[in-house]
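What's in data17.pdb: PDB, C-alpha atoms and all ligand atoms
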```pdb
ATOM      1  CA  MET A1392      35.203 269.522-128.419
ATOM      2  CA  ILE A1393      31.947 270.631-126.738
ATOM      3  CA  GLU A1394      29.382 272.766-128.571
ATOM      4  CA  VAL A1395      26.230 273.824-126.748
ATOM      5  CA  SER A1396      23.685 275.958-128.497
ATOM      6  CA  GLU A1397      20.498 277.384-126.971
ATOM      7  CA  LEU A1398      20.170 274.489-124.537
ATOM      8  CA  ARG A1399      16.926 274.342-122.558
ATOM      9  CA  LYS A1400      15.600 271.823-120.065
ATOM     10  CA  SER A1401      12.240 271.959-118.333
ATOM     11  CA  PHE A1402      10.864 269.686-115.635
ATOM     12  CA  LYS A1403       7.105 270.124-116.168
ATOM     13  CA  SER A1404       6.566 273.895-115.947
ATOM     14  CA  PHE A1405       9.918 274.543-114.204
ATOM     15  CA  GLU A1406      12.744 275.663-116.494
ATOM     16  CA  ALA A1407      16.040 274.399-114.978
ATOM     17  CA  VAL A1408      18.254 275.449-117.936
ATOM     18  CA  LYS A1409      17.185 278.552-119.792
ATOM     19  CA  GLY A1410      18.925 278.642-123.158
ATOM     20  CA  SER A1411      22.658 278.409-122.518
ATOM     21  CA  SER A1412      25.226 278.476-125.335
ATOM     22  CA  PHE A1413      28.971 277.900-125.047
ATOM     23  CA  THR A1414      31.863 275.990-126.579
ATOM     24  CA  VAL A1415      34.841 274.231-125.023
ATOM     25  CA  GLU A1416      38.065 273.788-126.973
ATOM     26  CA  GLU A1417      40.109 270.604-127.155
ATOM     27  CA  GLY A1418      42.574 270.386-124.245
ATOM     28  CA  GLU A1419      40.787 273.027-122.221
ATOM     29  CA  ILE A1420      39.942 272.720-118.507
ATOM     30  CA  PHE A1421      36.483 274.225-118.260
ATOM     31  CA  GLY A1422      35.280 275.049-114.741
ATOM     32  CA  PHE A1423      31.526 275.028-114.318
ATOM     33  CA  LEU A1424      30.357 276.782-111.158
ATOM     34  CA  GLY A1425      27.114 277.852-109.613
ATOM     35  CA  PRO A1426      25.200 277.906-106.333
ATOM     36  CA  ASN A1427      23.090 274.881-105.314
ATOM     37  CA  GLY A1428      20.212 274.347-107.686
ATOM     38  CA  ALA A1429      21.690 276.534-110.451
ATOM     39  CA  GLY A1430      21.309 273.850-113.130
ATOM     40  CA  LYS A1431      24.812 272.401-113.240
ATOM     41  CA  SER A1432      23.933 268.731-112.792
ATOM     42  CA  THR A1433      21.089 269.069-115.278
ATOM     43  CA  THR A1434      23.534 270.481-117.844
ATOM     44  CA  ILE A1435      26.160 267.795-117.195
ATOM     45  CA  ASN A1436      23.554 265.052-117.390
ATOM     46  CA  ILE A1437      22.500 266.327-120.806
ATOM     47  CA  LEU A1438      26.098 266.672-122.031
ATOM     48  CA  SER A1439      26.809 263.099-120.943
ATOM     49  CA  THR A1440      23.617 261.682-122.595
ATOM     50  CA  MET A1441      21.933 260.755-119.303
ATOM     51  CA  LEU A1442      19.139 263.301-119.722
ATOM     52  CA  LYS A1443      17.275 264.479-122.830
ATOM     53  CA  PRO A1444      17.259 268.218-123.525
ATOM     54  CA  THR A1445      13.883 269.924-124.036
ATOM     55  CA  SER A1446      15.381 271.912-126.928
ATOM     56  CA  GLY A1447      18.695 273.148-128.294
ATOM     57  CA  GLU A1448      21.692 271.392-129.742
ATOM     58  CA  VAL A1449      24.649 269.751-127.953
ATOM     59  CA  LYS A1450      27.628 268.177-129.687
ATOM     60  CA  ILE A1451      30.499 266.371-127.998
ATOM     61  CA  ASN A1452      33.523 265.509-130.130
ATOM     62  CA  GLY A1453      31.332 266.398-133.121
ATOM     63  CA  TYR A1454      28.537 263.956-132.176
ATOM     64  CA  ASP A1455      24.983 264.942-131.292
ATOM     65  CA  VAL A1456      23.967 263.935-127.745
ATOM     66  CA  THR A1457      20.452 262.919-128.746
ATOM     67  CA  LYS A1458      21.017 261.374-132.184
ATOM     68  CA  GLN A1459      24.465 259.787-131.685
ATOM     69  CA  LYS A1460      24.387 258.750-128.025
ATOM     70  CA  ASN A1461      26.748 255.801-128.371
ATOM     71  CA  LYS A1462      29.356 257.827-130.229
ATOM     72  CA  VAL A1463      29.161 260.461-127.495
ATOM     73  CA  ARG A1464      29.464 257.807-124.773
ATOM     74  CA  GLU A1465      32.587 256.393-126.429
ATOM     75  CA  SER A1466      34.065 259.895-126.415
ATOM     76  CA  ILE A1467      33.561 260.693-122.745
ATOM     77  CA  GLY A1468      34.642 259.567-119.300
ATOM     78  CA  ILE A1469      32.817 260.490-116.112
ATOM     79  CA  ILE A1470      34.082 260.718-112.558
ATOM     80  CA  PHE A1471      30.929 260.897-110.468
ATOM     81  CA  GLN A1472      30.500 262.520-107.057
ATOM     82  CA  GLU A1473      29.552 259.248-105.408
ATOM     83  CA  ASN A1474      31.677 256.154-105.306
ATOM     84  CA  THR A1475      30.537 253.854-108.114
ATOM     85  CA  LEU A1476      33.210 251.181-107.755
ATOM     86  CA  ASP A1477      32.397 247.577-107.044
ATOM     87  CA  GLU A1478      33.648 247.211-103.481
ATOM     88  CA  LYS A1479      33.864 243.419-103.495
ATOM     89  CA  LEU A1480      36.077 243.351-106.586
ATOM     90  CA  THR A1481      39.789 244.085-106.766
ATOM     91  CA  ALA A1482      41.158 247.179-108.512
ATOM     92  CA  LYS A1483      42.099 245.016-111.478
ATOM     93  CA  GLU A1484      38.647 243.393-111.670
ATOM     94  CA  ASN A1485      36.912 246.776-111.558
ATOM     95  CA  LEU A1486      39.076 248.041-114.383
ATOM     96  CA  MET A1487      38.733 244.833-116.414
ATOM     97  CA  LEU A1488      34.933 245.079-116.210
ATOM     98  CA  HIS A1489      35.107 248.636-117.510
ATOM     99  CA  CYS A1490      37.434 247.534-120.355
ATOM    100  CA  LYS A1491      34.846 244.953-121.404
ATOM    101  CA  LEU A1492      31.919 247.378-121.208
ATOM    102  CA  TYR A1493      33.817 249.869-123.328
ATOM    103  CA  ARG A1494      35.079 247.219-125.737
ATOM    104  CA  VAL A1495      38.769 247.924-125.165
ATOM    105  CA  PRO A1496      40.475 245.330-127.432
ATOM    106  CA  LYS A1497      41.435 242.180-125.495
ATOM    107  CA  LYS A1498      45.129 242.389-126.331
ATOM    108  CA  SER A1499      45.495 245.979-125.024
ATOM    109  CA  ARG A1500      43.555 245.550-121.749
ATOM    110  CA  LYS A1501      46.443 244.595-119.493
ATOM    111  CA  ALA A1502      48.717 247.363-120.753
ATOM    112  CA  ARG A1503      45.959 249.959-120.386
ATOM    113  CA  ILE A1504      45.187 248.886-116.830
ATOM    114  CA  ASP A1505      48.880 249.087-115.901
ATOM    115  CA  GLU A1506      49.131 252.493-117.550
ATOM    116  CA  VAL A1507      46.167 254.124-115.776
ATOM    117  CA  LEU A1508      47.066 252.618-112.398
ATOM    118  CA  ALA A1509      50.571 254.064-112.732
ATOM    119  CA  ILE A1510      49.108 257.540-113.387
ATOM    120  CA  VAL A1511      47.250 257.461-110.069
ATOM    121  CA  ASP A1512      50.021 255.611-108.166
ATOM    122  CA  LEU A1513      48.015 252.477-107.465
ATOM    123  CA  THR A1514      50.205 249.939-109.254
ATOM    124  CA  ASP A1515      50.943 248.112-106.006
ATOM    125  CA  ASN A1516      47.234 247.781-105.166
ATOM    126  CA  LEU A1517      46.252 245.971-108.352
ATOM    127  CA  ASN A1518      44.983 242.835-106.615
ATOM    128  CA  GLN A1519      43.552 244.399-103.465
ATOM    129  CA  THR A1520      39.763 244.488-102.985
ATOM    130  CA  VAL A1521      38.320 247.986-103.137
ATOM    131  CA  GLU A1522      36.567 247.747 -99.760
ATOM    132  CA  LYS A1523      40.031 247.859 -98.179
ATOM    133  CA  PHE A1524      40.913 251.133 -99.956
ATOM    134  CA  SER A1525      40.905 254.538 -98.232
ATOM    135  CA  GLY A1526      38.575 257.277 -99.559
ATOM    136  CA  GLY A1527      41.426 258.902-101.462
ATOM    137  CA  MET A1528      42.513 255.611-103.051
ATOM    138  CA  LYS A1529      38.952 254.946-104.224
ATOM    139  CA  ARG A1530      38.808 258.361-105.862
ATOM    140  CA  ARG A1531      42.115 257.692-107.594
ATOM    141  CA  LEU A1532      40.864 254.353-108.831
ATOM    142  CA  GLU A1533      37.718 256.030-110.159
ATOM    143  CA  ILE A1534      39.877 258.512-112.027
ATOM    144  CA  ALA A1535      41.926 255.632-113.452
ATOM    145  CA  ARG A1536      38.741 253.889-114.561
ATOM    146  CA  GLY A1537      37.429 257.070-116.206
ATOM    147  CA  LEU A1538      40.562 257.133-118.351
ATOM    148  CA  LEU A1539      40.701 253.497-119.432
ATOM    149  CA  HIS A1540      39.009 253.951-122.793
ATOM    150  CA  TYR A1541      41.010 257.101-123.620
ATOM    151  CA  PRO A1542      38.069 259.530-123.540
ATOM    152  CA  LYS A1543      38.383 262.807-125.429
ATOM    153  CA  VAL A1544      36.352 264.596-122.754
ATOM    154  CA  LEU A1545      36.467 263.870-119.041
ATOM    155  CA  PHE A1546      33.574 265.070-116.858
ATOM    156  CA  LEU A1547      34.625 265.590-113.263
ATOM    157  CA  ASP A1548      31.724 266.235-110.926
ATOM    158  CA  GLU A1549      33.236 267.493-107.671
ATOM    159  CA  PRO A1550      36.253 265.169-107.975
ATOM    160  CA  SER A1551      37.707 265.988-104.581
ATOM    161  CA  VAL A1552      34.600 266.413-102.433
ATOM    162  CA  GLY A1553      34.945 264.883 -98.968
ATOM    163  CA  LEU A1554      38.693 264.326 -99.240
ATOM    164  CA  ASP A1555      41.311 265.706 -96.894
ATOM    165  CA  PRO A1556      43.430 268.646 -98.167
ATOM    166  CA  GLN A1557      46.500 266.494 -98.829
ATOM    167  CA  THR A1558      44.581 263.950-100.902
ATOM    168  CA  ARG A1559      42.787 266.789-102.713
ATOM    169  CA  ALA A1560      46.149 268.240-103.696
ATOM    170  CA  HIS A1561      47.279 264.835-104.992
ATOM    171  CA  ILE A1562      44.124 264.317-107.034
ATOM    172  CA  TRP A1563      44.771 267.649-108.719
ATOM    173  CA  GLU A1564      48.361 266.685-109.454
ATOM    174  CA  TYR A1565      47.068 263.598-111.284
ATOM    175  CA  ILE A1566      44.484 265.589-113.168
ATOM    176  CA  LEU A1567      47.021 268.155-114.351
ATOM    177  CA  LYS A1568      49.488 265.421-115.291
ATOM    178  CA  LEU A1569      46.795 263.941-117.470
ATOM    179  CA  LYS A1570      45.966 267.166-119.158
ATOM    180  CA  GLU A1571      49.584 267.581-120.153
ATOM    181  CA  LYS A1572      50.021 264.013-121.269
ATOM    182  CA  GLU A1573      46.803 263.422-123.177
ATOM    183  CA  ASN A1574      45.556 266.895-124.148
ATOM    184  CA  MET A1575      42.257 265.750-122.725
ATOM    185  CA  THR A1576      39.364 268.189-122.438
ATOM    186  CA  MET A1577      38.054 268.475-118.887
ATOM    187  CA  PHE A1578      34.671 269.675-117.755
ATOM    188  CA  LEU A1579      34.811 270.286-114.050
ATOM    189  CA  THR A1580      32.384 271.211-111.304
ATOM    190  CA  THR A1581      33.577 272.050-107.830
ATOM    191  CA  HIS A1582      32.468 273.919-104.752
ATOM    192  CA  TYR A1583      36.070 274.721-103.866
ATOM    193  CA  LEU A1584      36.832 278.004-105.570
ATOM    194  CA  ASP A1585      40.570 277.666-105.026
ATOM    195  CA  GLU A1586      40.394 274.484-107.119
ATOM    196  CA  ALA A1587      38.456 276.200-109.866
ATOM    197  CA  GLU A1588      41.518 278.450-110.337
ATOM    198  CA  ILE A1589      43.231 275.756-112.386
ATOM    199  CA  SER A1590      40.549 276.074-115.084
ATOM    200  CA  ASP A1591      41.482 277.752-118.342
ATOM    201  CA  ARG A1592      38.011 279.293-118.366
ATOM    202  CA  ILE A1593      35.208 279.420-115.844
ATOM    203  CA  ALA A1594      31.481 279.561-116.463
ATOM    204  CA  ILE A1595      29.168 280.684-113.688
ATOM    205  CA  MET A1596      25.576 279.508-113.838
ATOM    206  CA  ASP A1597      22.749 280.899-111.736
ATOM    207  CA  HIS A1598      19.000 280.265-111.925
ATOM    208  CA  GLY A1599      19.458 278.227-115.110
ATOM    209  CA  GLU A1600      21.374 280.947-116.929
ATOM    210  CA  MET A1601      25.053 281.372-117.669
ATOM    211  CA  ILE A1602      25.919 284.731-116.151
ATOM    212  CA  ALA A1603      29.696 284.769-116.731
ATOM    213  CA  LEU A1604      32.240 283.003-118.895
ATOM    214  CA  ASP A1605      35.906 283.998-118.933
ATOM    215  CA  THR A1606      39.393 283.164-117.681
ATOM    216  CA  PRO A1607      39.791 283.273-113.869
ATOM    217  CA  LYS A1608      42.189 286.179-114.281
ATOM    218  CA  ARG A1609      39.795 288.290-116.336
ATOM    219  CA  LEU A1610      36.836 287.477-114.069
ATOM    220  CA  LYS A1611      38.788 288.750-111.098
ATOM    221  CA  ALA A1612      40.051 291.803-112.983
ATOM    222  CA  GLN A1613      36.439 292.680-113.876
ATOM    223  CA  LEU A1614      35.753 293.338-110.215
ATOM    224  CA  GLY A1615      38.273 296.161-110.460
ATOM    225  CA  GLY A1616      40.855 297.050-107.855
ATOM    226  CA  ASP A1617      42.219 295.512-104.685
ATOM    227  CA  VAL A1618      40.692 294.690-101.337
ATOM    228  CA  ILE A1619      42.073 296.060 -98.059
ATOM    229  CA  GLU A1620      41.045 294.645 -94.696
ATOM    230  CA  LEU A1621      41.581 297.305 -92.041
ATOM    231  CA  GLN A1622      41.424 297.355 -88.257
ATOM    232  CA  THR A1623      41.767 300.537 -86.209
ATOM    233  CA  THR A1624      41.329 301.639 -82.586
ATOM    234  CA  ASP A1625      37.944 303.157 -83.537
ATOM    235  CA  ASN A1626      36.484 301.693 -86.704
ATOM    236  CA  GLN A1627      33.414 303.953 -86.751
ATOM    237  CA  ALA A1628      35.574 307.080 -86.568
ATOM    238  CA  ALA A1629      37.959 305.656 -89.155
ATOM    239  CA  LEU A1630      35.078 304.989 -91.558
ATOM    240  CA  GLU A1631      33.875 308.564 -91.276
ATOM    241  CA  GLU A1632      37.411 309.806 -91.842
ATOM    242  CA  ILE A1633      37.850 307.561 -94.882
ATOM    243  CA  ASN A1634      34.628 308.745 -96.472
ATOM    244  CA  GLU A1635      35.684 312.332 -95.895
ATOM    245  CA  LYS A1636      39.321 312.230 -96.998
ATOM    246  CA  PHE A1637      39.930 309.377 -99.434
ATOM    247  CA  SER A1638      38.673 308.203-102.767
ATOM    248  CA  VAL A1639      37.678 304.531-102.410
ATOM    249  CA  ILE A1640      35.377 302.366-104.536
ATOM    250  CA  GLU A1641      33.628 300.969-101.491
ATOM    251  CA  ALA A1642      34.099 301.035 -97.688
ATOM    252  CA  THR A1643      32.144 298.556 -95.566
ATOM    253  CA  LEU A1644      32.122 298.478 -91.782
ATOM    254  CA  HIS A1645      31.712 295.051 -90.182
ATOM    255  CA  GLU A1646      32.426 293.281 -86.918
ATOM    256  CA  GLU A1647      36.116 292.644 -87.578
ATOM    257  CA  GLY A1648      36.918 296.060 -89.056
ATOM    258  CA  ILE A1649      36.519 297.822 -92.381
ATOM    259  CA  THR A1650      36.787 296.329 -95.863
ATOM    260  CA  LEU A1651      37.932 298.803 -98.478
ATOM    261  CA  LYS A1652      37.851 298.344-102.220
ATOM    262  CA  VAL A1653      40.392 300.565-103.940
ATOM    263  CA  LYS A1654      41.581 300.972-107.500
ATOM    264  CA  ASN A1655      45.281 300.479-106.800
ATOM    265  CA  SER A1656      46.392 299.424-103.332
ATOM    266  CA  ASP A1657      50.080 300.273-103.881
ATOM    267  CA  GLU A1658      49.305 303.917-104.563
ATOM    268  CA  PHE A1659      46.550 304.116-101.977
ATOM    269  CA  VAL A1660      48.216 302.625 -98.911
ATOM    270  CA  SER A1661      51.253 304.905 -98.684
ATOM    271  CA  THR A1662      49.148 308.109 -98.636
ATOM    272  CA  PHE A1663      46.488 306.456 -96.517
ATOM    273  CA  MET A1664      48.913 305.488 -93.752
ATOM    274  CA  LYS A1665      50.354 309.005 -93.669
ATOM    275  CA  GLN A1666      47.030 310.838 -93.621
ATOM    276  CA  LEU A1667      44.655 308.690 -91.541
ATOM    277  CA  GLU A1668      44.510 310.072 -88.009
ATOM    278  CA  THR A1669      42.707 307.150 -86.330
ATOM    279  CA  PRO A1670      45.476 304.710 -85.277
ATOM    280  CA  VAL A1671      45.683 301.610 -87.464
ATOM    281  CA  THR A1672      46.101 298.286 -85.612
ATOM    282  CA  GLY A1673      45.999 295.944 -88.595
ATOM    283  CA  LEU A1674      46.050 296.111 -92.392
ATOM    284  CA  ASP A1675      45.889 293.337 -94.944
ATOM    285  CA  ILE A1676      45.907 293.825 -98.700
ATOM    286  CA  ARG A1677      44.587 291.147-101.005
ATOM    287  CA  LYS A1678      43.668 290.776-104.625
ATOM    288  CA  PRO A1679      40.056 289.833-105.420
ATOM    289  CA  THR A1680      39.521 286.073-105.303
ATOM    290  CA  LEU A1681      37.100 283.924-107.275
ATOM    291  CA  ASN A1682      35.019 283.933-104.119
ATOM    292  CA  ASP A1683      34.642 287.731-104.424
ATOM    293  CA  VAL A1684      33.666 287.267-108.092
ATOM    294  CA  PHE A1685      31.150 284.588-107.231
ATOM    295  CA  LEU A1686      29.601 286.626-104.420
ATOM    296  CA  SER A1687      29.409 289.756-106.498
ATOM    297  CA  MET A1688      27.774 287.952-109.448
ATOM    298  CA  THR A1689      25.361 285.617-107.715
ATOM    299  CA  GLY A1690      24.899 287.462-104.418
ATOM    300  CA  ARG A1691      25.394 284.096-102.721
ATOM    301  CA  GLU A1692      28.167 281.968-101.306
ATOM    302  CA  ILE A1693      28.936 278.962-103.504
ATOM    303  CA  ARG A1694      27.354 276.684-100.874
ATOM    304  CA  ASP A1695      24.322 278.294 -99.268
TER
HETATM  305  N1  LIG A1701      14.175 265.452-112.232
HETATM  306  C1  LIG A1701      13.832 266.668-111.799
HETATM  307  N2  LIG A1701      12.540 267.011-111.639
HETATM  308  C2  LIG A1701      12.190 268.246-111.219
HETATM  309  N3  LIG A1701      13.053 269.235-110.928
HETATM  310  C3  LIG A1701      14.352 268.963-111.070
HETATM  311  C4  LIG A1701      14.827 267.663-111.516
HETATM  312  N4  LIG A1701      16.183 267.705-111.563
HETATM  313  C5  LIG A1701      16.539 268.937-111.155
HETATM  314  N5  LIG A1701      15.462 269.707-110.883
HETATM  315  C6  LIG A1701      15.474 271.124-110.440
HETATM  316  O1  LIG A1701      16.235 271.878-111.371
HETATM  317  C7  LIG A1701      17.043 272.853-110.707
HETATM  318  C8  LIG A1701      18.494 272.651-111.079
HETATM  319  O2  LIG A1701      18.971 271.452-110.478
HETATM  320  P1  LIG A1701      20.457 270.907-110.680
HETATM  321  O3  LIG A1701      20.537 269.615-109.968
HETATM  322  O4  LIG A1701      20.815 270.939-112.102
HETATM  323  O5  LIG A1701      21.295 272.016-109.889
HETATM  324  P2  LIG A1701      22.847 272.049-109.535
HETATM  325  O6  LIG A1701      23.345 273.360-110.036
HETATM  326  O7  LIG A1701      23.517 270.847-110.016
HETATM  327  O8  LIG A1701      22.820 272.069-107.948
HETATM  328  P3  LIG A1701      23.834 271.367-106.856
HETATM  329  O9  LIG A1701      25.022 272.265-106.772
HETATM  330  O10 LIG A1701      22.997 271.429-105.628
HETATM  331  O11 LIG A1701      24.126 269.973-107.316
HETATM  332  C9  LIG A1701      16.744 272.698-109.216
HETATM  333  O12 LIG A1701      15.796 273.674-108.847
HETATM  334  C10 LIG A1701      16.185 271.295-109.111
HETATM  335  O13 LIG A1701      15.260 271.220-108.040
END
```
I'd like the structure from this file rewritten - as structure tokens, please.
Amino acid sequence: MIEVSELRKSFKSFEAVKGSSFTVEEGEIFGFLGPNGAGKSTTINILSTMLKPTSGEVKINGYDVTKQKNKVRESIGIIFQENTLDEKLTAKENLMLHCKLYRVPKKSRKARIDEVLAIVDLTDNLNQTVEKFSGGMKRRLEIARGLLHYPKVLFLDEPSVGLDPQTRAHIWEYILKLKEKENMTMFLTTHYLDEAEISDRIAIMDHGEMIALDTPKRLKAQLGGDVIELQTTDNQAALEEINEKFSVIEATLHEEGITLKVKNSDEFVSTFMKQLETPVTGLDIRKPTLNDVFLSMTGREIRD
């Protein structure tokens, strides 16, 4: 559904995208992550025909983004970061305007509007003006609008930014419902790594280059092993003891205690608890998260 080959974009002498190549399959949720300034927006703007690439080839739904712009635009929907609804219009008027712009046939407009509003649970707000909507309702209406012309690919640029946790969870419910119903391809950026977990595959971009591309599970497995957060009565002494007696991938002392990376926590912990002489006051085992992956690959938090 998306084919990107050797894509480059320069702004004067500055190269923002340095030759990235990837494909996204139909029906896939593709998470696109990177620290601030990595080149994500530049890439999305090119994929959605808003920006011209310096070189390389990009096809969406089989159409070239520079030579067949209109065909590409008919194939995609975009949910932007900022609110782009017309506040003085009602939900219905906003959606009707979009139907006209996208040439949805006159006889199907009403049914389509009813259908997308039902997906995001806004049926009862059809005739309400948008300025009276809450932040979460506006987001839902934007999602509904993005779907009106049945796009093959939906670009979601931070779809839940600025929303409270409950509304965020709801937005994701709608998005997943859609994926199941329509087999739509979704290209997603987010700064919430827990949200990125729902992606089938995740790409990590840094300094204009794609530095990782795999399933969330495999990315985390690549880090190898489990993480143990340890507190003892004397962390300095415990660290020395650990380095002397146990085989760990990494042991880091910090203000709250010691973070250990071990190959297999199940095997490690039972012997560790028996043999460590410094008294343990707290122990927490966790699997590596996408945050650990992101930190290890980019050396930065997702939001600097
Ligand atoms: N029109 C432009 N002119 C000059 N430089 C630009 C332009 N647009 C983007 N850049 C630069 O290109 C780099 C990539 O920017 P981009 O907006 O793609 O990053 P991003 O990954 O989307 O970051 P964020 O997470 O902050 O949105 C940045 O260094 C940015 O300053």
Excluding same-chain residues fewer than 6 positions from Ala1603 of chain A, what lies within 9 Å of it counting all atoms listed in the file, as a PyMOL selection string? chain A and resi 1593-1596+1610+1688
When the PyMOL selection byres (((chain A and resi 1677) around 7) and not hetatm) is applied to the structure above, which residues does it catch, written out as a ChimeraX atom specification? /A:1617-1619,1675-1676,1678-1679
Could you give me, as a PDB file with C-alpha atoms, keeping the file's coordinate frame, the residues within 9 Å of Thr1440 of chain A, counting only C-alpha atoms and dropping anything in the same chain fewer than 5 positions from it?
```pdb
ATOM      1  CA  ILE A1435      26.160 267.795-117.195  1.00  0.00           C
ATOM      2  CA  VAL A1456      23.967 263.935-127.745  1.00  0.00           C
ATOM      3  CA  THR A1457      20.452 262.919-128.746  1.00  0.00           C
ATOM      4  CA  LYS A1460      24.387 258.750-128.025  1.00  0.00           C
ATOM      5  CA  ASN A1461      26.748 255.801-128.371  1.00  0.00           C
ATOM      6  CA  VAL A1463      29.161 260.461-127.495  1.00  0.00           C
ATOM      7  CA  ARG A1464      29.464 257.807-124.773  1.00  0.00           C
TER       8      ARG A1464
END
```
Interatomic distance (Å, one decimal) between atom CA of Met1392 of chain A and atom CA of Met1577 of chain A: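 Atom CA of Met1577 of chain A lies 10.0 Å from atom CA of Met1392 of chain A.
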Write out as JSON lines the residues of chain A that have any atom within 6 Å of an atom of ligand LIG 1701 (chain A), one row each with the nearest atom pair and its distance in Å to one decimal, counting all atoms listed in the file, sorted by chain and then rising number.
```
{"residue": "A:Phe1402", "atom": "CA", "partner": "A:LIG1701", "partner_atom": "C2", "distance": 4.8}
{"residue": "A:Ala1407", "atom": "CA", "partner": "A:LIG1701", "partner_atom": "O1", "distance": 4.4}
{"residue": "A:Gly1425", "atom": "CA", "partner": "A:LIG1701", "partner_atom": "O6", "distance": 5.9}
{"residue": "A:Pro1426", "atom": "CA", "partner": "A:LIG1701", "partner_atom": "O9", "distance": 5.7}
{"residue": "A:Asn1427", "atom": "CA", "partner": "A:LIG1701", "partner_atom": "O10", "distance": 3.5}
{"residue": "A:Gly1428", "atom": "CA", "partner": "A:LIG1701", "partner_atom": "O5", "distance": 3.4}
{"residue": "A:Ala1429", "atom": "CA", "partner": "A:LIG1701", "partner_atom": "O6", "distance": 3.6}
{"residue": "A:Gly1430", "atom": "CA", "partner": "A:LIG1701", "partner_atom": "O4", "distance": 3.1}
{"residue": "A:Lys1431", "atom": "CA", "partner": "A:LIG1701", "partner_atom": "O6", "distance": 3.7}
{"residue": "A:Ser1432", "atom": "CA", "partner": "A:LIG1701", "partner_atom": "O7", "distance": 3.5}
{"residue": "A:Thr1433", "atom": "CA", "partner": "A:LIG1701", "partner_atom": "O4", "distance": 3.7}
```
Target residues per the PyMOL selection byres (((chain A and resi 1660-1663) around 12) and not hetatm), formatted as a ChimeraX atom specification: /A:1617-1621,1629,1632-1633,1636-1639,1651-1659,1664-1671,1674-1676
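Using all atoms listed in the file, the protein and nucleic acid residues lying at most 7 Å from the point (38.6, 273.0, -116.3) are Glu1419, Ile1420, Phe1421, Gly1422, Met1577, Phe1578, Leu1579, Ile1589, Ser1590, Asp1591 and Arg1592 of chain A.
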Quick one: residues within 10 Å of Leu1486 of chain A, all atoms listed in the file, excluding same-chain residues fewer than 2 positions away - as an NGL selection string? :A and (1476-1477 or 1480-1484 or 1488-1492 or 1500-1501 or 1503-1505 or 1507-1508 or 1517 or 1532-1533 or 1535-1537 or 1539)
Smallest atom-to-atom distance to Lys1443 of chain A: which of A:Glu1473, A:Glu1416, A:Lys1400, A:Ile1467, using all atoms listed in the file?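 So, comparing all the options, the nearest one is A:Lys1400.
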Skipping near chain neighbours, those fewer than 2 positions away, what residues fall within 12 Å of Asn1474 of chain A using only C-alpha atoms, listed as a PyMOL selection string? chain A and resi 1469-1472+1476-1478+1521-1522+1524-1534+1536+1548-1553
Please produce an output containing C-alpha atoms for each residue in the selection, written as a compact mmCIF listing (two decimals), in the coordinates of the input.
```
# COMPACT_ATOMS: atom_id res chain seq x y z
CA ILE A 1469 32.82 260.49 -116.11
CA ILE A 1470 34.08 260.72 -112.56
CA PHE A 1471 30.93 260.90 -110.47
CA GLN A 1472 30.50 262.52 -107.06
CA LEU A 1476 33.21 251.18 -107.76
CA ASP A 1477 32.40 247.58 -107.04
CA GLU A 1478 33.65 247.21 -103.48
CA VAL A 1521 38.32 247.99 -103.14
CA GLU A 1522 36.57 247.75 -99.76
CA PHE A 1524 40.91 251.13 -99.96
CA SER A 1525 40.90 254.54 -98.23
CA GLY A 1526 38.58 257.28 -99.56
CA GLY A 1527 41.43 258.90 -101.46
CA MET A 1528 42.51 255.61 -103.05
CA LYS A 1529 38.95 254.95 -104.22
CA ARG A 1530 38.81 258.36 -105.86
CA ARG A 1531 42.12 257.69 -107.59
CA LEU A 1532 40.86 254.35 -108.83
CA GLU A 1533 37.72 256.03 -110.16
CA ILE A 1534 39.88 258.51 -112.03
CA ARG A 1536 38.74 253.89 -114.56
CA ASP A 1548 31.72 266.24 -110.93
CA GLU A 1549 33.24 267.49 -107.67
CA PRO A 1550 36.25 265.17 -107.98
CA SER A 1551 37.71 265.99 -104.58
CA VAL A 1552 34.60 266.41 -102.43
CA GLY A 1553 34.94 264.88 -98.97
```
My list of candidates is A:Pro1556, A:Gly1616, A:Pro1607, A:Gly1648. Which is closest to Leu1424 of chain A when distances are computed with only C-alpha atoms?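 Nearest to Leu1424 of chain A: A:Pro1607.
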Here is a test: counting all atoms listed in the file, which residue of A:Ile1437, A:Leu1554, A:Gly1673, A:Thr1576 is nearest to Thr1414 of chain A?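 Closest candidate: A:Thr1576.
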Pick from A:Leu1398, A:Trp1563, A:Phe1685, A:Glu1635: nearest to Gln1613 of chain A, with all atoms listed in the file counted?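 Of the candidates, the smallest distance to Gln1613 of chain A is held by A:Phe1685.
The smallest atom-to-atom distance between Leu1513 of chain A and any of A:Pro1444, A:Tyr1565, A:Gln1622, A:Ala1642, using all atoms listed in the file, is found for A:Tyr1565.
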My list of candidates is A:His1598, A:Lys1568, A:Arg1609, A:His1645. Which is closest to Lys1409 of chain A when distances are computed with only C-alpha atoms?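 Under the stated criterion, the closest residue is A:His1598.
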Could you state the separation of atom CA of Thr1445 of chain A and atom CA of Glu1465 of chain A in Å, given to one decimal place?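 Straight-line distance from atom CA of Thr1445 of chain A to atom CA of Glu1465 of chain A works out to 23.2 Å.
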